[in-house]
>>> print(open('coords31.txt').read())   # compact mmCIF, C-alpha atoms and all ligand atoms
# COMPACT_ATOMS: atom_id res chain seq x y z
CA MET A 1 0.00 0.00 0.00
CA GLN A 2 1.18 3.52 -0.80
CA ALA A 3 2.29 5.65 2.13
CA LEU A 4 0.27 8.78 2.82
CA GLN A 5 1.93 11.91 4.18
CA LEU A 6 -0.01 14.57 6.08
CA GLU A 7 1.65 17.85 6.95
CA PHE A 8 1.06 20.77 9.27
CA ILE A 9 -0.75 18.83 11.96
CA THR A 10 -1.03 20.88 15.15
CA ASN A 11 0.35 18.98 18.17
CA GLY A 12 0.59 15.86 15.97
CA GLY A 13 3.92 15.10 17.66
CA LYS A 14 2.17 14.80 21.03
CA ALA A 15 -1.09 13.08 20.12
CA ASP A 16 -1.95 9.55 21.24
CA LEU A 17 -5.00 9.47 18.99
CA ILE A 18 -5.62 11.18 15.67
CA ILE A 19 -8.71 11.57 13.53
CA THR A 20 -8.06 11.50 9.79
CA ILE A 21 -10.87 12.40 7.42
CA ALA A 22 -10.54 10.92 3.94
CA ARG A 23 -12.62 10.51 0.80
CA THR A 24 -13.85 6.91 0.60
CA GLY A 25 -16.19 7.25 -2.35
CA GLU A 26 -17.29 9.60 -5.12
CA SER A 27 -19.23 11.72 -2.65
CA GLU A 28 -18.45 9.91 0.59
CA LEU A 29 -16.14 10.89 3.41
CA SER A 30 -15.06 8.80 6.38
CA ALA A 31 -13.39 9.52 9.68
CA PHE A 32 -10.64 7.18 10.88
CA LEU A 33 -9.69 7.14 14.55
CA MET A 34 -6.09 5.96 14.81
CA GLU A 35 -3.63 5.27 17.58
CA THR A 36 -0.24 6.87 16.96
CA ASP A 37 1.48 4.07 18.90
CA GLN A 38 1.45 1.63 15.96
CA PRO A 39 4.05 0.67 13.29
CA GLY A 40 1.96 2.27 10.52
CA PHE A 41 2.23 5.73 12.07
CA GLU A 42 5.46 7.68 11.81
CA VAL A 43 6.26 11.31 12.59
CA VAL A 44 8.50 12.28 9.68
CA GLU A 45 9.60 15.63 11.08
CA ARG A 46 8.66 18.54 13.26
CA ILE A 47 7.76 21.59 11.22
CA HIS A 48 9.25 24.76 12.67
CA THR A 49 7.04 27.79 12.09
CA ILE A 50 7.56 31.51 12.66
CA GLY A 51 4.52 31.70 14.97
CA VAL A 52 2.63 29.37 17.35
CA ARG A 53 5.94 27.76 18.17
CA ALA A 54 4.57 26.10 21.32
CA SER A 55 2.57 23.79 19.08
CA ASN A 56 4.32 20.56 18.17
CA THR A 57 3.39 20.87 14.49
CA VAL A 58 4.48 17.87 12.43
CA ARG A 59 4.44 16.06 9.13
CA PHE A 60 3.49 12.43 9.58
CA LYS A 61 3.29 9.36 7.41
CA LEU A 62 0.71 6.56 7.40
CA THR A 63 1.77 3.19 5.94
CA ASN A 64 -0.80 0.41 6.26
CA ALA A 65 -1.96 2.15 9.41
CA ARG A 66 -4.98 0.70 11.16
CA GLY A 67 -7.90 2.70 12.48
CA TRP A 68 -11.56 2.57 13.41
CA HIS A 69 -13.61 3.46 10.37
CA THR A 70 -16.63 5.72 10.86
CA PRO A 71 -18.58 6.71 7.78
CA CYS A 72 -19.63 10.34 8.04
CA THR A 73 -21.49 12.75 5.87
CA PHE A 74 -19.83 15.67 4.15
CA GLU A 75 -21.72 17.94 6.57
CA GLN A 76 -20.44 16.05 9.62
CA ALA A 77 -16.84 16.20 8.38
CA THR A 78 -16.94 19.84 7.41
CA GLY A 79 -18.80 20.63 10.66
CA LEU A 80 -15.45 20.15 12.41
CA LEU A 81 -14.05 22.92 10.25
CA TYR A 82 -16.74 25.40 11.17
CA ARG A 83 -16.18 24.81 14.88
CA GLY A 84 -12.43 25.12 14.26
CA ARG A 85 -12.95 28.45 12.50
CA LEU A 86 -14.71 29.82 15.56
CA GLY A 87 -11.76 28.53 17.59
CA ILE A 88 -9.31 30.41 15.40
CA ALA A 89 -11.49 33.53 15.69
CA GLY A 90 -11.22 33.16 19.48
CA MET A 91 -7.46 32.86 19.24
CA ALA A 92 -7.34 35.97 17.03
CA VAL A 93 -9.47 37.96 19.47
CA GLY A 94 -7.15 37.00 22.34
CA ILE A 95 -4.07 38.04 20.35
CA ALA A 96 -5.67 41.35 19.27
CA GLU A 97 -6.79 42.19 22.82
CA LYS A 98 -3.41 41.40 24.37
CA ALA A 99 -1.53 43.42 21.74
CA THR A 100 -3.85 46.37 22.33
CA GLU A 101 -3.46 46.14 26.12
CA LEU A 102 0.35 46.11 25.75
CA ALA A 103 0.27 49.01 23.30
CA ILE A 104 -1.88 51.08 25.67
CA ASP A 105 0.41 50.33 28.65
CA TYR A 106 3.54 51.16 26.70
CA SER A 107 2.10 54.39 25.27
CA LYS A 108 1.42 55.61 28.81
CA GLN A 109 4.97 54.88 29.96
CA ARG A 110 7.10 56.04 27.05
CA GLU A 111 7.84 59.75 26.66
CA GLN A 112 9.25 61.36 23.54
CA PHE A 113 9.62 65.06 22.80
CA ASN A 114 8.39 65.81 26.35
CA ARG A 115 5.09 64.05 25.80
CA ARG A 116 3.77 60.60 26.49
CA LEU A 117 3.10 58.57 23.34
CA ALA A 118 -0.46 58.24 24.69
CA ASP A 119 -0.87 62.01 24.30
CA MET A 120 0.04 62.00 20.59
CA GLN A 121 -2.97 61.99 18.31
CA SER A 122 -1.57 59.59 15.73
CA VAL A 123 -0.82 57.08 18.50
CA GLN A 124 -4.32 57.61 19.89
CA ASN A 125 -5.69 56.89 16.41
CA MET A 126 -3.88 53.54 16.29
CA ILE A 127 -5.19 52.68 19.75
CA ALA A 128 -8.73 53.67 18.75
CA ASP A 129 -8.52 51.52 15.59
CA ASN A 130 -7.31 48.58 17.69
CA VAL A 131 -10.08 48.98 20.26
CA VAL A 132 -12.72 49.07 17.51
CA ASP A 133 -11.20 45.98 15.87
CA CYS A 134 -11.16 44.10 19.20
CA GLU A 135 -14.77 44.96 20.04
CA ALA A 136 -16.08 44.11 16.57
CA ALA A 137 -14.15 40.83 16.42
CA LEU A 138 -15.39 39.84 19.88
CA LEU A 139 -19.02 40.55 18.95
CA LEU A 140 -18.76 38.43 15.80
CA LEU A 141 -17.16 35.63 17.81
CA HIS A 142 -19.92 35.80 20.45
CA LYS A 143 -22.58 35.70 17.74
CA GLY A 144 -20.99 32.64 16.12
CA ALA A 145 -20.45 30.85 19.44
CA ALA A 146 -24.04 31.53 20.55
CA MET A 147 -25.37 30.18 17.22
CA PHE A 148 -23.15 27.11 17.55
CA ASP A 149 -24.40 26.49 21.11
CA ARG A 150 -28.00 26.70 19.86
CA GLY A 151 -27.19 24.06 17.21
CA GLU A 152 -27.73 26.50 14.34
CA ASN A 153 -25.91 26.47 11.01
CA VAL A 154 -22.61 28.35 11.47
CA VAL A 155 -21.10 27.96 8.00
CA ARG A 156 -21.44 31.66 7.15
CA ILE A 157 -20.89 33.22 10.59
CA SER A 158 -17.82 31.08 11.37
CA SER A 159 -16.14 32.32 8.18
CA ILE A 160 -17.19 35.91 8.88
CA ALA A 161 -15.90 35.79 12.47
CA LYS A 162 -12.68 34.04 11.48
CA LEU A 163 -11.97 36.37 8.56
CA PHE A 164 -12.62 39.57 10.48
CA ALA A 165 -10.93 38.52 13.72
CA SER A 166 -7.81 37.19 12.00
CA GLU A 167 -7.33 40.31 9.90
CA ALA A 168 -8.06 42.43 12.99
CA ALA A 169 -5.39 40.53 14.94
CA ASN A 170 -2.87 41.26 12.22
CA ARG A 171 -3.79 44.97 12.15
CA CYS A 172 -3.71 45.20 15.96
CA THR A 173 -0.35 43.46 16.38
CA ASN A 174 1.11 45.56 13.58
CA ASN A 175 -0.05 48.76 15.33
CA ALA A 176 1.24 47.45 18.65
CA ILE A 177 4.72 46.99 17.20
CA GLN A 178 4.51 50.46 15.62
CA ILE A 179 3.67 51.99 19.01
CA HIS A 180 6.60 50.14 20.61
CA GLY A 181 8.91 51.58 17.91
CA GLY A 182 12.32 49.92 17.63
CA ARG A 183 11.74 48.01 20.86
CA GLY A 184 8.78 46.34 19.24
CA MET A 185 11.16 44.64 16.83
CA THR A 186 13.26 43.08 19.56
CA PHE A 187 12.57 39.75 21.21
CA GLU A 188 12.25 41.47 24.60
CA PHE A 189 8.66 42.62 24.16
CA LEU A 190 5.72 40.27 23.79
CA VAL A 191 4.26 42.19 20.85
CA GLU A 192 6.64 40.54 18.38
CA LYS A 193 5.42 37.08 19.42
CA LEU A 194 1.79 38.14 19.10
CA TRP A 195 2.55 39.56 15.63
CA ARG A 196 4.07 36.23 14.56
CA ASP A 197 1.22 34.22 16.08
CA ALA A 198 -1.40 36.44 14.43
CA LYS A 199 -0.29 35.35 10.94
CA LEU A 200 -1.39 31.78 11.58
CA THR A 201 -4.96 32.95 12.16
CA GLU A 202 -5.16 34.23 8.56
CA ILE A 203 -3.95 30.86 7.23
CA GLY A 204 -5.00 27.97 9.51
CA GLU A 205 -8.47 26.39 9.13
CA GLY A 206 -8.62 27.89 5.63
CA CYS A 207 -6.90 31.05 4.45
CA SER A 208 -8.71 34.41 4.20
CA GLU A 209 -9.30 33.91 0.46
CA ILE A 210 -11.23 30.70 1.20
CA GLN A 211 -13.27 32.45 3.92
CA ARG A 212 -14.24 35.18 1.42
CA MET A 213 -15.29 32.48 -1.08
CA VAL A 214 -17.47 30.79 1.57
CA ILE A 215 -19.07 34.08 2.66
CA ALA A 216 -19.79 35.09 -0.94
CA LYS A 217 -21.19 31.66 -1.83
CA GLN A 218 -23.43 31.60 1.25
CA SER A 219 -24.59 35.16 0.62
CA LEU A 220 -25.29 34.68 -3.09
CA ARG A 221 -27.46 31.56 -2.68
C1 LIG A 301 1.14 26.22 12.22
C2 LIG A 301 0.13 25.51 11.36
C3 LIG A 301 -0.67 24.54 11.94
C4 LIG A 301 -1.61 23.83 11.14
N1 LIG A 301 -2.36 22.83 11.73
C5 LIG A 301 -3.19 22.09 10.96
C6 LIG A 301 -3.90 20.97 11.49
O1 LIG A 301 -3.81 20.67 12.68
N2 LIG A 301 -4.69 20.24 10.68
C7 LIG A 301 -4.81 20.55 9.37
O2 LIG A 301 -5.56 19.86 8.64
N3 LIG A 301 -4.15 21.59 8.81
C8 LIG A 301 -3.33 22.35 9.57
N4 LIG A 301 -2.63 23.40 9.01
C9 LIG A 301 -2.74 23.61 7.56
C10 LIG A 301 -3.57 24.82 7.22
O3 LIG A 301 -4.94 24.57 7.45
C11 LIG A 301 -3.25 25.18 5.75
O4 LIG A 301 -1.92 25.63 5.69
C12 LIG A 301 -4.19 26.24 5.23
O5 LIG A 301 -5.51 25.77 5.12
C13 LIG A 301 -3.76 26.73 3.83
O6 LIG A 301 -3.53 25.65 2.97
P1 LIG A 301 -2.13 25.47 2.23
O7 LIG A 301 -1.02 25.69 3.21
O8 LIG A 301 -2.19 24.19 1.51
O9 LIG A 301 -2.05 26.70 1.22
P2 LIG A 301 -2.45 26.66 -0.30
O10 LIG A 301 -3.76 25.98 -0.49
O11 LIG A 301 -1.27 26.19 -1.09
O12 LIG A 301 -2.67 28.21 -0.55
C14 LIG A 301 -1.59 29.14 -0.56
C15 LIG A 301 -2.19 30.51 -0.75
O13 LIG A 301 -2.82 30.56 -2.04
C16 LIG A 301 -4.01 31.32 -1.96
N5 LIG A 301 -5.15 30.44 -2.27
C17 LIG A 301 -5.27 29.11 -2.09
N6 LIG A 301 -6.45 28.66 -2.53
C18 LIG A 301 -7.11 29.71 -3.02
C19 LIG A 301 -8.38 29.89 -3.64
N7 LIG A 301 -9.21 28.86 -3.80
N8 LIG A 301 -8.72 31.13 -4.05
C20 LIG A 301 -7.88 32.19 -3.86
N9 LIG A 301 -6.66 32.07 -3.29
C21 LIG A 301 -6.27 30.87 -2.88
C22 LIG A 301 -4.08 31.86 -0.54
O14 LIG A 301 -3.46 33.15 -0.50
C23 LIG A 301 -3.27 30.88 0.24
O15 LIG A 301 -2.77 31.42 1.46
C24 LIG A 301 -1.74 24.15 9.78
C25 LIG A 301 -0.93 25.16 9.23
C26 LIG A 301 -0.02 25.84 10.00
C27 LIG A 301 0.84 26.91 9.36
>>> encode(input="coords31.txt", output="C-alpha cells", more="lines below")
Ligand SMILES: Cc1cc2nc3c(=O)[nH]c(=O)nc-3n(C[C@H](O)[C@H](O)[C@H](O)COP(=O)(O)OP(=O)(O)OC[C@H]3O[C@@H](n4cnc5c(N)ncnc54)[C@H](O)[C@@H]3O)c2cc1C
Amino acid sequence: MQALQLEFITNGGKADLIITIARTGESELSAFLMETDQPGFEVVERIHTIGVRASNTVRFKLTNARGWHTPCTFEQATGLLYRGRLGIAGMAVGIAEKATELAIDYSKQREQFNRRLADMQSVQNMIADNVVDCEAALLLLHKGAAMFDRGENVVRISSIAKLFASEAANRCTNNAIQIHGGRGMTFEFLVEKLWRDAKLTEIGEGCSEIQRMVIAKQSLR
C-alpha cells in the first residue's frame, strides 16, 4: 500500500489518537480514529514555524496504518471545520486584545519630545482603531459561538468571524509593534510574538481567500 503523508498537523507530535478524514467514495467521506502508537504511524519531522511555536506541528506518514472506520457525511466532516474556524477567531481575538493592552500600557509609559506617546494623536488613532477591531471581532465571535451552542448552522458566521478577527489581529499586532517603535522589533517585548502568532490565524483552518469564497457563496445563494 502507498504511504500517505499529512503535513502541518497541530500537536501531531504529542497526540496519542488522531482523527483522519478521507474521501472513501465519489461523494463519501469517512473519519478514521487511529492510535499513533502503531508501526503504521510515523512522525517524519517537526515543522518549525515563525509563529505558534509552542505547538508541536508535524508532518506524519501513514503506511498500512490501522484505524476505526466511521462513515460520516460531508456535513459532519466539514462541521469540524466550522467549529475550528470559531476557535481560530477566538485565538485571534485574544491576540488582538493582548496586543492592544500592551500598546496602551507602553504608550502611557514612554515619553518622547516631552510628551507621552499616549498624548500623541496619531498614537491615539492607532489605539482607537485597535479597540474598535477588538470589540467588533469579539461581537462576531460571540454571535458565532451563541449560534453554535443553539445548534444552528454556522457555515457563514464562522467564516465571517474568522476572517474579520484574523485580519483584525494582524492589524492590531502591527499597530502594537509600531507603538513600541524599535523596541517592538526586539525579542524582549511580547508584541513581536503576538505579531508572529497572528499570521497563523489568517492561514490555519482555511486562508482568508477561502473564507471570502465561503461568505460570498453563502450570501449569493
Ligand atoms: C502552524 C500551522 C498549523 C496547522 N495545523 C493544521 C492541522 O492541525 N490540521 C490541518 O488539517 N491543517 C493544519 N494546518 C494547515 C492549514 O490549514 C493550511 O496551511 C491552510 O488551510 C492553507 O492551505 P495550504 O497551506 O495548503 O495553502 P495553499 O492551499 O497552497 O494556498 C496558498 C495561498 O494561495 C491562496 N489560495 C489558495 N487557494 C485559493 C483559492 N481557492 N482562491 C484564492 N486564493 C487561494 C491563498 O493566498 C493561500 O494562502 C496548519 C498550518 C499551520 C501553518
>>> closest_atom_pairs(input="coords31.txt", of="chain A", to="ligand LIG 301 (chain A)", cutoff="10 Å", atoms="only C-alpha atoms and all ligand atoms", output="JSON lines")
{"residue": "A:Leu6", "atom": "CA", "partner": "A:LIG301", "partner_atom": "O2", "distance": 8.1}
{"residue": "A:Glu7", "atom": "CA", "partner": "A:LIG301", "partner_atom": "N3", "distance": 7.1}
{"residue": "A:Phe8", "atom": "CA", "partner": "A:LIG301", "partner_atom": "C24", "distance": 4.4}
{"residue": "A:Ile9", "atom": "CA", "partner": "A:LIG301", "partner_atom": "O1", "distance": 3.6}
{"residue": "A:Thr10", "atom": "CA", "partner": "A:LIG301", "partner_atom": "O1", "distance": 3.7}
{"residue": "A:Asn11", "atom": "CA", "partner": "A:LIG301", "partner_atom": "O1", "distance": 7.1}
{"residue": "A:Gly12", "atom": "CA", "partner": "A:LIG301", "partner_atom": "O1", "distance": 7.3}
{"residue": "A:Ile19", "atom": "CA", "partner": "A:LIG301", "partner_atom": "N2", "distance": 10.0}
{"residue": "A:Thr20", "atom": "CA", "partner": "A:LIG301", "partner_atom": "O2", "distance": 8.8}
{"residue": "A:Ile21", "atom": "CA", "partner": "A:LIG301", "partner_atom": "O2", "distance": 9.2}
{"residue": "A:Ile47", "atom": "CA", "partner": "A:LIG301", "partner_atom": "C1", "distance": 8.1}
{"residue": "A:His48", "atom": "CA", "partner": "A:LIG301", "partner_atom": "C1", "distance": 8.3}
{"residue": "A:Thr49", "atom": "CA", "partner": "A:LIG301", "partner_atom": "C1", "distance": 6.1}
{"residue": "A:Ile50", "atom": "CA", "partner": "A:LIG301", "partner_atom": "C1", "distance": 8.3}
{"residue": "A:Gly51", "atom": "CA", "partner": "A:LIG301", "partner_atom": "C1", "distance": 7.0}
{"residue": "A:Val52", "atom": "CA", "partner": "A:LIG301", "partner_atom": "C1", "distance": 6.2}
{"residue": "A:Arg53", "atom": "CA", "partner": "A:LIG301", "partner_atom": "C1", "distance": 7.8}
{"residue": "A:Ala54", "atom": "CA", "partner": "A:LIG301", "partner_atom": "C1", "distance": 9.7}
{"residue": "A:Ser55", "atom": "CA", "partner": "A:LIG301", "partner_atom": "C1", "distance": 7.4}
{"residue": "A:Asn56", "atom": "CA", "partner": "A:LIG301", "partner_atom": "C1", "distance": 8.8}
{"residue": "A:Thr57", "atom": "CA", "partner": "A:LIG301", "partner_atom": "C3", "distance": 6.0}
{"residue": "A:Val58", "atom": "CA", "partner": "A:LIG301", "partner_atom": "C3", "distance": 8.4}
{"residue": "A:Arg59", "atom": "CA", "partner": "A:LIG301", "partner_atom": "C5", "distance": 9.9}
{"residue": "A:Leu81", "atom": "CA", "partner": "A:LIG301", "partner_atom": "O2", "distance": 9.2}
{"residue": "A:Gly84", "atom": "CA", "partner": "A:LIG301", "partner_atom": "N2", "distance": 9.8}
{"residue": "A:Asp197", "atom": "CA", "partner": "A:LIG301", "partner_atom": "C1", "distance": 8.9}
{"residue": "A:Lys199", "atom": "CA", "partner": "A:LIG301", "partner_atom": "C27", "distance": 8.7}
{"residue": "A:Leu200", "atom": "CA", "partner": "A:LIG301", "partner_atom": "C27", "distance": 5.8}
{"residue": "A:Thr201", "atom": "CA", "partner": "A:LIG301", "partner_atom": "C27", "distance": 8.8}
{"residue": "A:Glu202", "atom": "CA", "partner": "A:LIG301", "partner_atom": "O15", "distance": 8.0}
{"residue": "A:Ile203", "atom": "CA", "partner": "A:LIG301", "partner_atom": "C12", "distance": 5.0}
{"residue": "A:Gly204", "atom": "CA", "partner": "A:LIG301", "partner_atom": "O3", "distance": 4.0}
{"residue": "A:Glu205", "atom": "CA", "partner": "A:LIG301", "partner_atom": "O3", "distance": 4.3}
{"residue": "A:Gly206", "atom": "CA", "partner": "A:LIG301", "partner_atom": "O5", "distance": 3.8}
{"residue": "A:Cys207", "atom": "CA", "partner": "A:LIG301", "partner_atom": "O15", "distance": 5.1}
{"residue": "A:Ser208", "atom": "CA", "partner": "A:LIG301", "partner_atom": "C22", "distance": 7.1}
{"residue": "A:Glu209", "atom": "CA", "partner": "A:LIG301", "partner_atom": "C20", "distance": 4.9}
{"residue": "A:Ile210", "atom": "CA", "partner": "A:LIG301", "partner_atom": "C19", "distance": 5.7}
{"residue": "A:Gln211", "atom": "CA", "partner": "A:LIG301", "partner_atom": "N8", "distance": 9.3}
{"residue": "A:Arg212", "atom": "CA", "partner": "A:LIG301", "partner_atom": "N8", "distance": 8.8}
{"residue": "A:Met213", "atom": "CA", "partner": "A:LIG301", "partner_atom": "N8", "distance": 7.3}
>>> write_last_selection(input="coords31.txt", atoms="C-alpha atoms", output="mmCIF file, in the coordinates of the input")
data_model
loop_
_atom_site.group_PDB
_atom_site.id
_atom_site.type_symbol
_atom_site.label_atom_id
_atom_site.label_comp_id
_atom_site.auth_asym_id
_atom_site.auth_seq_id
_atom_site.Cartn_x
_atom_site.Cartn_y
_atom_site.Cartn_z
ATOM 1 C CA LEU A 6 -0.010 14.570 6.080
ATOM 2 C CA GLU A 7 1.650 17.850 6.950
ATOM 3 C CA PHE A 8 1.060 20.770 9.270
ATOM 4 C CA ILE A 9 -0.750 18.830 11.960
ATOM 5 C CA THR A 10 -1.030 20.880 15.150
ATOM 6 C CA ASN A 11 0.350 18.980 18.170
ATOM 7 C CA GLY A 12 0.590 15.860 15.970
ATOM 8 C CA ILE A 19 -8.710 11.570 13.530
ATOM 9 C CA THR A 20 -8.060 11.500 9.790
ATOM 10 C CA ILE A 21 -10.870 12.400 7.420
ATOM 11 C CA ILE A 47 7.760 21.590 11.220
ATOM 12 C CA HIS A 48 9.250 24.760 12.670
ATOM 13 C CA THR A 49 7.040 27.790 12.090
ATOM 14 C CA ILE A 50 7.560 31.510 12.660
ATOM 15 C CA GLY A 51 4.520 31.700 14.970
ATOM 16 C CA VAL A 52 2.630 29.370 17.350
ATOM 17 C CA ARG A 53 5.940 27.760 18.170
ATOM 18 C CA ALA A 54 4.570 26.100 21.320
ATOM 19 C CA SER A 55 2.570 23.790 19.080
ATOM 20 C CA ASN A 56 4.320 20.560 18.170
ATOM 21 C CA THR A 57 3.390 20.870 14.490
ATOM 22 C CA VAL A 58 4.480 17.870 12.430
ATOM 23 C CA ARG A 59 4.440 16.060 9.130
ATOM 24 C CA LEU A 81 -14.050 22.920 10.250
ATOM 25 C CA GLY A 84 -12.430 25.120 14.260
ATOM 26 C CA ASP A 197 1.220 34.220 16.080
ATOM 27 C CA LYS A 199 -0.290 35.350 10.940
ATOM 28 C CA LEU A 200 -1.390 31.780 11.580
ATOM 29 C CA THR A 201 -4.960 32.950 12.160
ATOM 30 C CA GLU A 202 -5.160 34.230 8.560
ATOM 31 C CA ILE A 203 -3.950 30.860 7.230
ATOM 32 C CA GLY A 204 -5.000 27.970 9.510
ATOM 33 C CA GLU A 205 -8.470 26.390 9.130
ATOM 34 C CA GLY A 206 -8.620 27.890 5.630
ATOM 35 C CA CYS A 207 -6.900 31.050 4.450
ATOM 36 C CA SER A 208 -8.710 34.410 4.200
ATOM 37 C CA GLU A 209 -9.300 33.910 0.460
ATOM 38 C CA ILE A 210 -11.230 30.700 1.200
ATOM 39 C CA GLN A 211 -13.270 32.450 3.920
ATOM 40 C CA ARG A 212 -14.240 35.180 1.420
ATOM 41 C CA MET A 213 -15.290 32.480 -1.080
#
>>> closest_residue(input="coords31.txt", among="A:Thr100, A:Ser30, A:Arg46, A:Phe74", to="Val123 in chain A", atoms="only C-alpha atoms")
A:Thr100
>>> closest_residue(input="coords31.txt", among="A:Ala77, A:Val191, A:Ala31, A:Val131", to="Tyr106 in chain A", atoms="all atoms listed in the file")
A:Val191
>>> axis_aligned_box(input="coords31.txt", around="range 180-187 of chain A", padding_each_side="6 Å", output="AutoDock Vina command-line options")
--center_x 9.9 --center_y 45.7 --center_z 19.0 --size_x 18.7 --size_y 23.8 --size_z 16.4
>>> atom_distance(input="coords31.txt", atom1="CA of Trp68 in chain A", atom2="CA of Arg23 in chain A")
14.9 Å
>>> closest_residue(input="coords31.txt", among="A:Leu138, A:Leu102, A:Ile157, A:Ala168", to="Gly184 in chain A", atoms="all atoms listed in the file")
A:Leu102
>>> atom_distance(input="coords31.txt", atom1="CA of Ala15 in chain A", atom2="CA of Thr78 in chain A")
21.4 Å
>>> closest_residue(input="coords31.txt", among="A:Leu80, A:Leu220, A:Ala22, A:Met126", to="Ser158 in chain A", atoms="only C-alpha atoms")
A:Leu80
>>> atom_distance(input="coords31.txt", atom1="CA of Phe32 in chain A", atom2="CA of Gly67 in chain A")
5.5 Å
>>> closest_residue(input="coords31.txt", among="A:Gly25, A:Glu188, A:Val214, A:Asn125", to="Leu163 in chain A", atoms="all atoms listed in the file")
A:Val214
>>> closest_atom_pairs(input="coords31.txt", of="range 59-168 of chain A", to="range 35-39 of chain A", cutoff="12 Å", atoms="only C-alpha atoms", output="Markdown table")
| residue | atom | partner | partner_atom | distance |
| --- | --- | --- | --- | --- |
| A:Phe60 | CA | A:Thr36 | CA | 10.0 |
| A:Lys61 | CA | A:Thr36 | CA | 10.5 |
| A:Leu62 | CA | A:Pro39 | CA | 9.0 |
| A:Thr63 | CA | A:Pro39 | CA | 8.1 |
| A:Asn64 | CA | A:Pro39 | CA | 8.5 |
| A:Ala65 | CA | A:Pro39 | CA | 7.3 |
| A:Arg66 | CA | A:Glu35 | CA | 8.0 |
| A:Gly67 | CA | A:Glu35 | CA | 7.1 |
| A:Trp68 | CA | A:Glu35 | CA | 9.4 |
>>> residues_near_point(input="coords31.txt", point="(-16.8, 43.0, 17.5)", cutoff="12 Å", atoms="all atoms listed in the file", output="list in words")
Ala89, Gly90, Ala92, Val93, Ala96, Glu97, Asn130, Val131, Val132, Asp133, Cys134, Glu135, Ala136, Ala137, Leu138, Leu139, Leu140, Leu141, His142, Lys143, Gly144, Ile160, Ala161, Lys162, Phe164, Ala165, Ala168 and Ala169 of chain A
>>> decode(input="coords31.txt", residues="range 192-207 of chain A", atoms="N, CA and C atoms", output="PDB file, in the first residue's frame")
ATOM      1  N   GLU A 192       6.102  41.223  19.580  1.00  0.00           N
ATOM      2  CA  GLU A 192       6.640  40.543  18.380  1.00  0.00           C
ATOM      3  C   GLU A 192       6.109  39.100  18.277  1.00  0.00           C
ATOM      4  N   LYS A 193       5.950  38.450  19.429  1.00  0.00           N
ATOM      5  CA  LYS A 193       5.424  37.079  19.422  1.00  0.00           C
ATOM      6  C   LYS A 193       3.962  37.088  18.963  1.00  0.00           C
ATOM      7  N   LEU A 194       3.208  38.059  19.479  1.00  0.00           N
ATOM      8  CA  LEU A 194       1.792  38.140  19.105  1.00  0.00           C
ATOM      9  C   LEU A 194       1.654  38.398  17.602  1.00  0.00           C
ATOM     10  N   TRP A 195       2.534  39.235  17.070  1.00  0.00           N
ATOM     11  CA  TRP A 195       2.546  39.564  15.635  1.00  0.00           C
ATOM     12  C   TRP A 195       2.828  38.306  14.802  1.00  0.00           C
ATOM     13  N   ARG A 196       3.766  37.476  15.290  1.00  0.00           N
ATOM     14  CA  ARG A 196       4.073  36.234  14.558  1.00  0.00           C
ATOM     15  C   ARG A 196       2.918  35.243  14.675  1.00  0.00           C
ATOM     16  N   ASP A 197       2.335  35.162  15.878  1.00  0.00           N
ATOM     17  CA  ASP A 197       1.223  34.218  16.080  1.00  0.00           C
ATOM     18  C   ASP A 197      -0.008  34.637  15.265  1.00  0.00           C
ATOM     19  N   ALA A 198      -0.205  35.949  15.137  1.00  0.00           N
ATOM     20  CA  ALA A 198      -1.402  36.442  14.428  1.00  0.00           C
ATOM     21  C   ALA A 198      -1.452  35.928  12.995  1.00  0.00           C
ATOM     22  N   LYS A 199      -0.303  35.754  12.368  1.00  0.00           N
ATOM     23  CA  LYS A 199      -0.294  35.352  10.943  1.00  0.00           C
ATOM     24  C   LYS A 199      -0.989  34.013  10.740  1.00  0.00           C
ATOM     25  N   LEU A 200      -0.765  33.112  11.716  1.00  0.00           N
ATOM     26  CA  LEU A 200      -1.388  31.777  11.575  1.00  0.00           C
ATOM     27  C   LEU A 200      -2.914  31.891  11.447  1.00  0.00           C
ATOM     28  N   THR A 201      -3.489  32.886  12.138  1.00  0.00           N
ATOM     29  CA  THR A 201      -4.957  32.954  12.157  1.00  0.00           C
ATOM     30  C   THR A 201      -5.526  33.314  10.783  1.00  0.00           C
ATOM     31  N   GLU A 202      -4.698  33.926   9.931  1.00  0.00           N
ATOM     32  CA  GLU A 202      -5.161  34.228   8.559  1.00  0.00           C
ATOM     33  C   GLU A 202      -4.964  33.032   7.618  1.00  0.00           C
ATOM     34  N   ILE A 203      -4.281  31.997   8.107  1.00  0.00           N
ATOM     35  CA  ILE A 203      -3.945  30.855   7.231  1.00  0.00           C
ATOM     36  C   ILE A 203      -4.603  29.549   7.702  1.00  0.00           C
ATOM     37  N   GLY A 204      -4.470  29.242   8.994  1.00  0.00           N
ATOM     38  CA  GLY A 204      -5.000  27.973   9.514  1.00  0.00           C
ATOM     39  C   GLY A 204      -6.518  27.874   9.417  1.00  0.00           C
ATOM     40  N   GLU A 205      -7.022  26.668   9.283  1.00  0.00           N
ATOM     41  CA  GLU A 205      -8.469  26.385   9.130  1.00  0.00           C
ATOM     42  C   GLU A 205      -9.034  27.080   7.889  1.00  0.00           C
ATOM     43  N   GLY A 206      -8.202  27.256   6.885  1.00  0.00           N
ATOM     44  CA  GLY A 206      -8.624  27.893   5.635  1.00  0.00           C
ATOM     45  C   GLY A 206      -8.190  29.348   5.609  1.00  0.00           C
ATOM     46  N   CYS A 207      -7.430  29.694   4.553  1.00  0.00           N
ATOM     47  CA  CYS A 207      -6.895  31.051   4.450  1.00  0.00           C
ATOM     48  C   CYS A 207      -8.035  32.073   4.214  1.00  0.00           C
TER      49      CYS A 207
END
